[in-house]
>>> print(open('upload-v2.cif').read())   # mmCIF, C-alpha atoms
data_entry
loop_
_atom_site.group_PDB
_atom_site.id
_atom_site.type_symbol
_atom_site.label_atom_id
_atom_site.label_comp_id
_atom_site.auth_asym_id
_atom_site.auth_seq_id
_atom_site.Cartn_x
_atom_site.Cartn_y
_atom_site.Cartn_z
ATOM 1 C CA MET A 1 0.000 0.000 0.000
ATOM 2 C CA ASP A 2 1.510 3.347 -1.024
ATOM 3 C CA VAL A 3 1.666 6.420 1.207
ATOM 4 C CA GLU A 4 -1.331 8.179 -0.340
ATOM 5 C CA LEU A 5 -3.593 5.160 0.000
ATOM 6 C CA ARG A 6 -2.381 4.588 3.552
ATOM 7 C CA THR A 7 -3.262 8.197 4.435
ATOM 8 C CA VAL A 8 -6.785 7.696 3.091
ATOM 9 C CA THR A 9 -7.322 4.434 4.949
ATOM 10 C CA GLU A 10 -6.036 5.897 8.230
ATOM 11 C CA ARG A 11 -8.379 8.886 7.929
ATOM 12 C CA LEU A 12 -11.301 6.593 7.193
ATOM 13 C CA ARG A 13 -10.349 4.317 10.103
ATOM 14 C CA ARG A 14 -10.799 7.327 12.407
ATOM 15 C CA GLU A 15 -14.185 8.070 10.831
ATOM 16 C CA ALA A 16 -15.361 4.474 11.075
ATOM 17 C CA GLY A 17 -14.272 4.046 14.691
ATOM 18 C CA VAL A 18 -14.166 0.488 15.938
ATOM 19 C CA SER A 19 -15.830 -1.259 13.039
ATOM 20 C CA LYS A 20 -15.656 -4.791 11.726
ATOM 21 C CA ALA A 21 -17.059 -3.489 8.450
ATOM 22 C CA TYR A 22 -14.073 -1.160 8.084
ATOM 23 C CA GLU A 23 -11.592 -3.951 8.811
ATOM 24 C CA ARG A 24 -13.331 -6.187 6.268
ATOM 25 C CA LEU A 25 -13.309 -3.505 3.543
ATOM 26 C CA VAL A 26 -9.709 -2.532 4.060
ATOM 27 C CA ALA A 27 -8.540 -6.162 4.023
ATOM 28 C CA THR A 28 -10.607 -7.607 1.187
ATOM 29 C CA GLY A 29 -9.141 -8.311 -2.194
ATOM 30 C CA ASP A 30 -12.596 -9.067 -3.609
ATOM 31 C CA VAL A 31 -13.597 -6.286 -6.009
ATOM 32 C CA GLU A 32 -17.159 -7.637 -6.088
ATOM 33 C CA GLU A 33 -17.483 -7.030 -2.349
ATOM 34 C CA LEU A 34 -16.205 -3.474 -2.791
ATOM 35 C CA ALA A 35 -18.586 -2.855 -5.695
ATOM 36 C CA GLU A 36 -21.504 -4.094 -3.582
ATOM 37 C CA VAL A 37 -20.762 -1.364 -1.029
ATOM 38 C CA LEU A 38 -21.182 1.268 -3.754
ATOM 39 C CA ALA A 39 -24.483 -0.232 -4.899
ATOM 40 C CA ALA A 40 -26.011 -0.918 -1.475
ATOM 41 C CA ALA A 41 -28.357 1.570 0.172
ATOM 42 C CA GLY A 42 -27.592 3.007 3.589
ATOM 43 C CA GLN A 43 -23.815 2.668 3.513
ATOM 44 C CA PRO A 44 -21.909 5.285 5.530
ATOM 45 C CA LEU A 45 -19.837 7.803 3.579
ATOM 46 C CA TRP A 46 -16.545 6.398 4.886
ATOM 47 C CA ALA A 47 -17.471 2.938 3.514
ATOM 48 C CA ARG A 48 -18.449 4.315 0.112
ATOM 49 C CA GLU A 49 -15.261 6.344 -0.095
ATOM 50 C CA LEU A 50 -13.079 3.414 0.931
ATOM 51 C CA ALA A 51 -14.735 1.112 -1.608
ATOM 52 C CA ALA A 52 -14.542 3.707 -4.391
ATOM 53 C CA VAL A 53 -10.886 4.536 -3.770
ATOM 54 C CA ARG A 54 -9.897 0.872 -3.572
ATOM 55 C CA LEU A 55 -11.826 0.047 -6.751
ATOM 56 C CA GLY A 56 -10.453 3.103 -8.541
ATOM 57 C CA THR A 57 -6.863 2.314 -7.716
ATOM 58 C CA ALA A 58 -7.518 -1.248 -8.910
ATOM 59 C CA GLY A 59 -8.708 0.127 -12.269
ATOM 60 C CA ASP A 60 -12.347 -0.908 -11.819
ATOM 61 C CA SER A 61 -14.577 1.573 -13.658
ATOM 62 C CA ARG A 62 -17.556 0.847 -11.388
ATOM 63 C CA ALA A 63 -15.966 3.386 -9.034
ATOM 64 C CA PHE A 64 -16.091 6.236 -11.554
ATOM 65 C CA GLU A 65 -19.388 7.915 -10.586
ATOM 66 C CA SER A 66 -18.694 7.694 -6.856
ATOM 67 C CA LEU A 67 -15.198 9.101 -7.317
ATOM 68 C CA VAL A 68 -16.475 12.032 -9.387
ATOM 69 C CA LEU A 69 -18.997 12.854 -6.665
ATOM 70 C CA LEU A 70 -16.207 12.721 -4.073
ATOM 71 C CA LEU A 71 -13.970 14.896 -6.280
ATOM 72 C CA ASN A 72 -16.560 17.655 -5.843
ATOM 73 C CA HIS A 73 -17.078 17.131 -2.088
ATOM 74 C CA ARG A 74 -16.820 19.983 0.416
ATOM 75 C CA ASP A 75 -14.171 18.049 2.397
ATOM 76 C CA PRO A 76 -10.762 18.592 0.731
ATOM 77 C CA SER A 77 -9.409 15.283 2.001
ATOM 78 C CA ARG A 78 -12.209 13.420 0.209
ATOM 79 C CA CYS A 79 -11.498 15.410 -2.959
ATOM 80 C CA ALA A 80 -7.800 14.559 -2.747
ATOM 81 C CA ALA A 81 -8.531 10.854 -2.277
ATOM 82 C CA ALA A 82 -10.912 10.865 -5.238
ATOM 83 C CA ALA A 83 -8.395 12.681 -7.463
ATOM 84 C CA TYR A 84 -5.728 10.158 -6.497
ATOM 85 C CA ALA A 85 -7.979 7.216 -7.392
ATOM 86 C CA LEU A 86 -9.317 8.807 -10.581
ATOM 87 C CA ALA A 87 -5.776 9.429 -11.825
ATOM 88 C CA ARG A 88 -5.101 5.701 -11.476
ATOM 89 C CA LEU A 89 -8.463 4.483 -12.732
ATOM 90 C CA GLY A 90 -7.698 5.045 -16.396
ATOM 91 C CA ASP A 91 -11.309 5.780 -17.306
ATOM 92 C CA PRO A 92 -11.585 7.896 -20.490
ATOM 93 C CA ARG A 93 -14.425 9.929 -18.933
ATOM 94 C CA THR A 94 -12.231 11.288 -16.151
ATOM 95 C CA ALA A 95 -10.763 14.324 -17.909
ATOM 96 C CA ARG A 96 -14.151 15.475 -19.178
ATOM 97 C CA ALA A 97 -15.655 15.167 -15.689
ATOM 98 C CA ALA A 98 -12.714 16.975 -14.062
ATOM 99 C CA ALA A 99 -12.938 19.753 -16.666
ATOM 100 C CA ALA A 100 -16.658 20.180 -15.973
ATOM 101 C CA LEU A 101 -15.997 20.444 -12.237
ATOM 102 C CA ALA A 102 -13.036 22.814 -12.641
ATOM 103 C CA THR A 103 -15.013 25.217 -14.817
ATOM 104 C CA ASN A 104 -18.270 25.160 -12.840
ATOM 105 C CA GLU A 105 -18.507 28.634 -11.320
ATOM 106 C CA LEU A 106 -21.210 27.526 -8.897
ATOM 107 C CA ARG A 107 -18.735 25.037 -7.348
ATOM 108 C CA VAL A 108 -15.499 26.989 -7.824
ATOM 109 C CA ALA A 109 -14.669 26.716 -4.124
ATOM 110 C CA TYR A 110 -14.144 22.975 -4.705
ATOM 111 C CA ALA A 111 -12.186 23.248 -7.976
ATOM 112 C CA LEU A 112 -8.661 22.833 -6.576
ATOM 113 C CA HIS A 113 -8.483 19.057 -6.864
ATOM 114 C CA PRO A 114 -10.137 18.873 -10.296
ATOM 115 C CA VAL A 115 -7.583 21.451 -11.507
ATOM 116 C CA ARG A 116 -4.702 19.404 -10.128
ATOM 117 C CA LEU A 117 -6.163 16.219 -11.585
ATOM 118 C CA LEU A 118 -6.405 17.817 -15.024
ATOM 119 C CA THR A 119 -2.736 18.737 -14.809
ATOM 120 C CA GLU A 120 -1.811 15.186 -13.880
ATOM 121 C CA LEU A 121 -3.956 13.667 -16.644
ATOM 122 C CA ARG A 122 -2.484 15.884 -19.396
ATOM 123 C CA ALA A 123 -5.627 15.189 -21.453
ATOM 124 C CA PRO A 124 -6.856 17.256 -24.412
ATOM 125 C CA GLU A 125 -9.439 18.845 -22.061
ATOM 126 C CA SER A 126 -6.803 19.903 -19.518
ATOM 127 C CA ALA A 127 -5.363 23.132 -20.931
ATOM 128 C CA PRO A 128 -8.678 24.607 -22.174
ATOM 129 C CA ALA A 129 -10.311 23.983 -18.786
ATOM 130 C CA LEU A 130 -7.385 25.489 -16.876
ATOM 131 C CA ILE A 131 -7.279 28.497 -19.206
ATOM 132 C CA THR A 132 -11.011 29.095 -18.662
ATOM 133 C CA THR A 133 -10.787 28.668 -14.898
ATOM 134 C CA LEU A 134 -7.748 30.920 -14.571
ATOM 135 C CA GLY A 135 -9.318 33.605 -16.761
ATOM 136 C CA ARG A 136 -12.286 33.747 -14.398
ATOM 137 C CA ARG A 137 -10.003 34.016 -11.371
ATOM 138 C CA LEU A 138 -8.319 37.114 -12.771
ATOM 139 C CA ALA A 139 -11.043 39.391 -11.516
ATOM 140 C CA PRO A 140 -10.458 42.049 -8.862
ATOM 141 C CA HIS A 141 -10.814 40.665 -5.348
ATOM 142 C CA ASP A 142 -11.430 37.089 -6.489
ATOM 143 C CA PRO A 143 -11.292 34.977 -3.303
ATOM 144 C CA TYR A 144 -9.975 31.821 -4.974
ATOM 145 C CA GLY A 145 -6.246 32.519 -5.105
ATOM 146 C CA LYS A 146 -5.254 28.901 -4.462
ATOM 147 C CA ILE A 147 -7.266 27.787 -7.456
ATOM 148 C CA ALA A 148 -5.754 30.507 -9.642
ATOM 149 C CA LEU A 149 -2.252 29.494 -8.546
ATOM 150 C CA ALA A 150 -2.994 25.806 -9.242
ATOM 151 C CA CYS A 151 -4.162 26.782 -12.743
ATOM 152 C CA VAL A 152 -1.012 28.817 -13.379
ATOM 153 C CA GLU A 153 1.232 25.995 -12.185
ATOM 154 C CA GLY A 154 -0.787 23.453 -14.162
ATOM 155 C CA LEU A 155 -0.582 25.464 -17.353
ATOM 156 C CA GLY A 156 3.173 25.756 -16.909
ATOM 157 C CA ALA A 157 3.437 21.997 -16.440
ATOM 158 C CA LEU A 158 1.265 21.332 -19.491
ATOM 159 C CA GLY A 159 3.310 23.725 -21.634
ATOM 160 C CA ASP A 160 0.408 24.491 -23.963
ATOM 161 C CA PRO A 161 1.083 27.688 -25.971
ATOM 162 C CA ARG A 162 -2.653 28.532 -25.949
ATOM 163 C CA ALA A 163 -2.121 29.546 -22.306
ATOM 164 C CA ARG A 164 0.218 32.431 -23.176
ATOM 165 C CA PRO A 165 -2.443 35.221 -23.120
ATOM 166 C CA VAL A 166 -3.980 34.245 -19.783
ATOM 167 C CA LEU A 167 -0.567 33.613 -18.192
ATOM 168 C CA THR A 168 0.639 37.014 -19.435
ATOM 169 C CA GLN A 169 -2.432 38.579 -17.839
ATOM 170 C CA ALA A 170 -1.739 36.658 -14.595
ATOM 171 C CA CYS A 171 1.706 38.278 -14.418
ATOM 172 C CA GLY A 172 -0.118 41.491 -13.474
ATOM 173 C CA TYR A 173 -1.380 39.969 -10.206
ATOM 174 C CA PRO A 174 1.144 40.049 -7.331
ATOM 175 C CA ARG A 175 -0.030 36.726 -5.875
ATOM 176 C CA LEU A 176 0.460 35.017 -9.249
ATOM 177 C CA ALA A 177 3.265 36.984 -10.907
ATOM 178 C CA ALA A 178 6.224 34.745 -10.029
ATOM 179 C CA ALA A 179 4.411 31.509 -10.868
ATOM 180 C CA ALA A 180 2.982 32.991 -14.082
ATOM 181 C CA SER A 181 6.419 34.164 -15.214
ATOM 182 C CA ALA A 182 7.822 30.702 -14.530
ATOM 183 C CA ALA A 183 4.926 29.096 -16.411
ATOM 184 C CA LEU A 184 5.448 31.394 -19.400
ATOM 185 C CA ALA A 185 9.109 30.422 -19.478
ATOM 186 C CA ARG A 186 8.069 26.764 -19.837
ATOM 187 C CA LEU A 187 5.925 27.401 -22.915
ATOM 188 C CA PRO A 188 7.434 26.531 -26.277
ATOM 189 C CA GLY A 189 8.421 29.305 -28.683
#
>>> encode(input="upload-v2.cif", output="structure tokens")
Amino acid sequence: MDVELRTVTERLRREAGVSKAYERLVATGDVEELAEVLAAAGQPLWARELAAVRLGTAGDSRAFESLVLLLNHRDPSRCAAAAYALARLGDPRTARAAAALATNELRVAYALHPVRLLTELRAPESAPALITTLGRRLAPHDPYGKIALACVEGLGALGDPRARPVLTQACGYPRLAAAASAALARLPG
């Protein structure tokens, strides 16, 4: 078990408390048992998250919908766990879903992990979604500086020349100037 997955399981162990169900889910190698947790009514959130993350990291696409819902959760640790699993899932729908979440202005407060996931995926949807999201964050007094910075860093990592105009504009914002300059330097041409 890698460090990221261990962090998730330890957090969920605290949520579950003393629970035989938790111990069973964390120990099972049976993907059918994990999938049943996602389909069964009345399961606690920690059980659904544990099953979805374990299925996602195993490459089982039955976890996709649950992971996308968790990627847009108000709890950043759930979002991080979902992004981690989605990056390993290999489902072709992931980038489109992450782009939709990153660009949804009604849920912008929860866009940090979708933005980071798009950077990691390096999918065709990644740069356009980050460009759109960053452009919206370049408004006076925008409260989502962490999301803007993640977009700038992501666009630098992606190296897509279509980002040049928005990154040039970001250089005019003190909180983003250094990162935007560094991102511009990484663009070709």
>>> resolve_selection(input="upload-v2.cif", expression="the PyMOL selection byres ((chain A and resi 10) around 12)", output="PyMOL selection string")
chain A and resi 1+3-9+11-17+22-23+26+46+50+77+81
>>> resolve_selection(input="upload-v2.cif", expression="the PyMOL selection byres ((chain A and resi 54) around 12)", output="PyMOL selection string")
chain A and resi 1-2+4-6+8-9+25-35+37-38+47-53+55-64+66-67+81-82+84-86+88-89
>>> residues_around(input="upload-v2.cif", residues="A:Leu71", least_positions_apart="5", cutoff="8 Å", atoms="only C-alpha atoms", output="count of residues only")
8
>>> residues_around(input="upload-v2.cif", residues="stretch 115-124 of chain A", least_positions_apart="3", cutoff="8 Å", atoms="only C-alpha atoms", output="short mmCIF file (atom, residue, chain, number, x, y, z; two decimals) with C-alpha atoms, in the frame of the given file")
data_model
loop_
_atom_site.label_atom_id
_atom_site.label_comp_id
_atom_site.auth_asym_id
_atom_site.auth_seq_id
_atom_site.Cartn_x
_atom_site.Cartn_y
_atom_site.Cartn_z
CA ALA A 83 -8.40 12.68 -7.46
CA TYR A 84 -5.73 10.16 -6.50
CA ALA A 87 -5.78 9.43 -11.82
CA ALA A 95 -10.76 14.32 -17.91
CA ALA A 98 -12.71 16.98 -14.06
CA ALA A 99 -12.94 19.75 -16.67
CA ALA A 102 -13.04 22.81 -12.64
CA ALA A 111 -12.19 23.25 -7.98
CA LEU A 112 -8.66 22.83 -6.58
CA ALA A 127 -5.36 23.13 -20.93
CA PRO A 128 -8.68 24.61 -22.17
CA LEU A 130 -7.38 25.49 -16.88
CA ILE A 147 -7.27 27.79 -7.46
CA ALA A 150 -2.99 25.81 -9.24
CA CYS A 151 -4.16 26.78 -12.74
CA GLY A 154 -0.79 23.45 -14.16
CA LEU A 155 -0.58 25.46 -17.35
CA ALA A 157 3.44 22.00 -16.44
CA LEU A 158 1.26 21.33 -19.49
#
>>> atom_distance(input="upload-v2.cif", atom1="atom CA of A:Asp142", atom2="atom CA of A:Ala97")
24.1 Å
>>> closest_residue(input="upload-v2.cif", among="A:Arg175, A:Asp75, A:Gly90, A:Leu187", to="A:His141", atoms="only C-alpha atoms")
A:Arg175
>>> closest_residue(input="upload-v2.cif", among="A:Gly135, A:Gly145, A:Ala109, A:Pro188", to="A:Leu167", atoms="all atoms listed in the file")
A:Gly135
>>> build_atoms(input="upload-v2.cif", residues="stretch 122-133 of chain A", atoms="all heavy atoms", output="mmCIF file, keeping the file's coordinate frame")
data_model
loop_
_atom_site.group_PDB
_atom_site.id
_atom_site.type_symbol
_atom_site.label_atom_id
_atom_site.label_comp_id
_atom_site.auth_asym_id
_atom_site.auth_seq_id
_atom_site.Cartn_x
_atom_site.Cartn_y
_atom_site.Cartn_z
ATOM 1 N N ARG A 122 -3.052 15.366 -18.149
ATOM 2 C CA ARG A 122 -2.484 15.884 -19.396
ATOM 3 C C ARG A 122 -3.369 15.506 -20.599
ATOM 4 O O ARG A 122 -2.872 15.161 -21.670
ATOM 5 C CB ARG A 122 -1.052 15.408 -19.580
ATOM 6 C CG ARG A 122 -0.129 15.756 -18.436
ATOM 7 C CD ARG A 122 1.295 15.340 -18.665
ATOM 8 N NE ARG A 122 1.977 16.215 -19.604
ATOM 9 C CZ ARG A 122 2.512 17.403 -19.309
ATOM 10 N NH1 ARG A 122 2.439 17.870 -18.077
ATOM 11 N NH2 ARG A 122 3.115 18.113 -20.237
ATOM 12 N N ALA A 123 -4.655 15.563 -20.421
ATOM 13 C CA ALA A 123 -5.627 15.189 -21.453
ATOM 14 C C ALA A 123 -5.903 16.375 -22.370
ATOM 15 O O ALA A 123 -5.591 17.522 -22.021
ATOM 16 C CB ALA A 123 -6.916 14.725 -20.778
ATOM 17 N N PRO A 124 -6.513 16.135 -23.521
ATOM 18 C CA PRO A 124 -6.856 17.256 -24.412
ATOM 19 C C PRO A 124 -7.740 18.309 -23.731
ATOM 20 O O PRO A 124 -7.669 19.491 -24.072
ATOM 21 C CB PRO A 124 -7.608 16.575 -25.562
ATOM 22 C CG PRO A 124 -7.088 15.180 -25.579
ATOM 23 C CD PRO A 124 -6.812 14.842 -24.128
ATOM 24 N N GLU A 125 -8.556 17.900 -22.766
ATOM 25 C CA GLU A 125 -9.439 18.845 -22.061
ATOM 26 C C GLU A 125 -8.699 19.685 -21.025
ATOM 27 O O GLU A 125 -9.231 20.693 -20.551
ATOM 28 C CB GLU A 125 -10.547 18.075 -21.328
ATOM 29 C CG GLU A 125 -11.465 17.289 -22.202
ATOM 30 C CD GLU A 125 -11.009 15.854 -22.482
ATOM 31 O OE1 GLU A 125 -9.838 15.512 -22.230
ATOM 32 O OE2 GLU A 125 -11.839 15.087 -22.964
ATOM 33 N N SER A 126 -7.498 19.279 -20.650
ATOM 34 C CA SER A 126 -6.803 19.903 -19.518
ATOM 35 C C SER A 126 -6.514 21.381 -19.723
ATOM 36 O O SER A 126 -6.956 22.224 -18.936
ATOM 37 C CB SER A 126 -5.506 19.146 -19.206
ATOM 38 O OG SER A 126 -5.780 17.828 -18.794
ATOM 39 N N ALA A 127 -5.749 21.727 -20.744
ATOM 40 C CA ALA A 127 -5.363 23.132 -20.931
ATOM 41 C C ALA A 127 -6.569 24.048 -21.144
ATOM 42 O O ALA A 127 -6.652 25.096 -20.495
ATOM 43 C CB ALA A 127 -4.353 23.270 -22.064
ATOM 44 N N PRO A 128 -7.519 23.707 -22.025
ATOM 45 C CA PRO A 128 -8.678 24.607 -22.174
ATOM 46 C C PRO A 128 -9.435 24.847 -20.867
ATOM 47 O O PRO A 128 -9.845 25.981 -20.584
ATOM 48 C CB PRO A 128 -9.555 23.892 -23.207
ATOM 49 C CG PRO A 128 -8.597 23.068 -24.003
ATOM 50 C CD PRO A 128 -7.558 22.611 -23.012
ATOM 51 N N ALA A 129 -9.601 23.808 -20.064
ATOM 52 C CA ALA A 129 -10.311 23.983 -18.786
ATOM 53 C C ALA A 129 -9.512 24.865 -17.837
ATOM 54 O O ALA A 129 -10.084 25.742 -17.167
ATOM 55 C CB ALA A 129 -10.587 22.627 -18.142
ATOM 56 N N LEU A 130 -8.209 24.662 -17.768
ATOM 57 C CA LEU A 130 -7.385 25.489 -16.876
ATOM 58 C C LEU A 130 -7.335 26.936 -17.361
ATOM 59 O O LEU A 130 -7.340 27.864 -16.542
ATOM 60 C CB LEU A 130 -5.980 24.915 -16.744
ATOM 61 C CG LEU A 130 -5.865 23.521 -16.124
ATOM 62 C CD1 LEU A 130 -4.405 23.142 -15.922
ATOM 63 C CD2 LEU A 130 -6.618 23.421 -14.822
ATOM 64 N N ILE A 131 -7.280 27.142 -18.650
ATOM 65 C CA ILE A 131 -7.279 28.497 -19.206
ATOM 66 C C ILE A 131 -8.590 29.209 -18.836
ATOM 67 O O ILE A 131 -8.581 30.358 -18.373
ATOM 68 C CB ILE A 131 -7.076 28.465 -20.740
ATOM 69 C CG1 ILE A 131 -5.638 28.039 -21.062
ATOM 70 C CG2 ILE A 131 -7.409 29.815 -21.376
ATOM 71 C CD1 ILE A 131 -5.417 27.649 -22.516
ATOM 72 N N THR A 132 -9.701 28.525 -19.006
ATOM 73 C CA THR A 132 -11.011 29.095 -18.662
ATOM 74 C C THR A 132 -11.094 29.421 -17.178
ATOM 75 O O THR A 132 -11.509 30.521 -16.787
ATOM 76 C CB THR A 132 -12.138 28.117 -19.051
ATOM 77 O OG1 THR A 132 -12.109 27.937 -20.468
ATOM 78 C CG2 THR A 132 -13.501 28.626 -18.615
ATOM 79 N N THR A 133 -10.696 28.473 -16.351
ATOM 80 C CA THR A 133 -10.787 28.668 -14.898
ATOM 81 C C THR A 133 -9.885 29.798 -14.446
ATOM 82 O O THR A 133 -10.299 30.645 -13.647
ATOM 83 C CB THR A 133 -10.437 27.352 -14.166
ATOM 84 O OG1 THR A 133 -11.329 26.336 -14.629
ATOM 85 C CG2 THR A 133 -10.579 27.500 -12.664
#
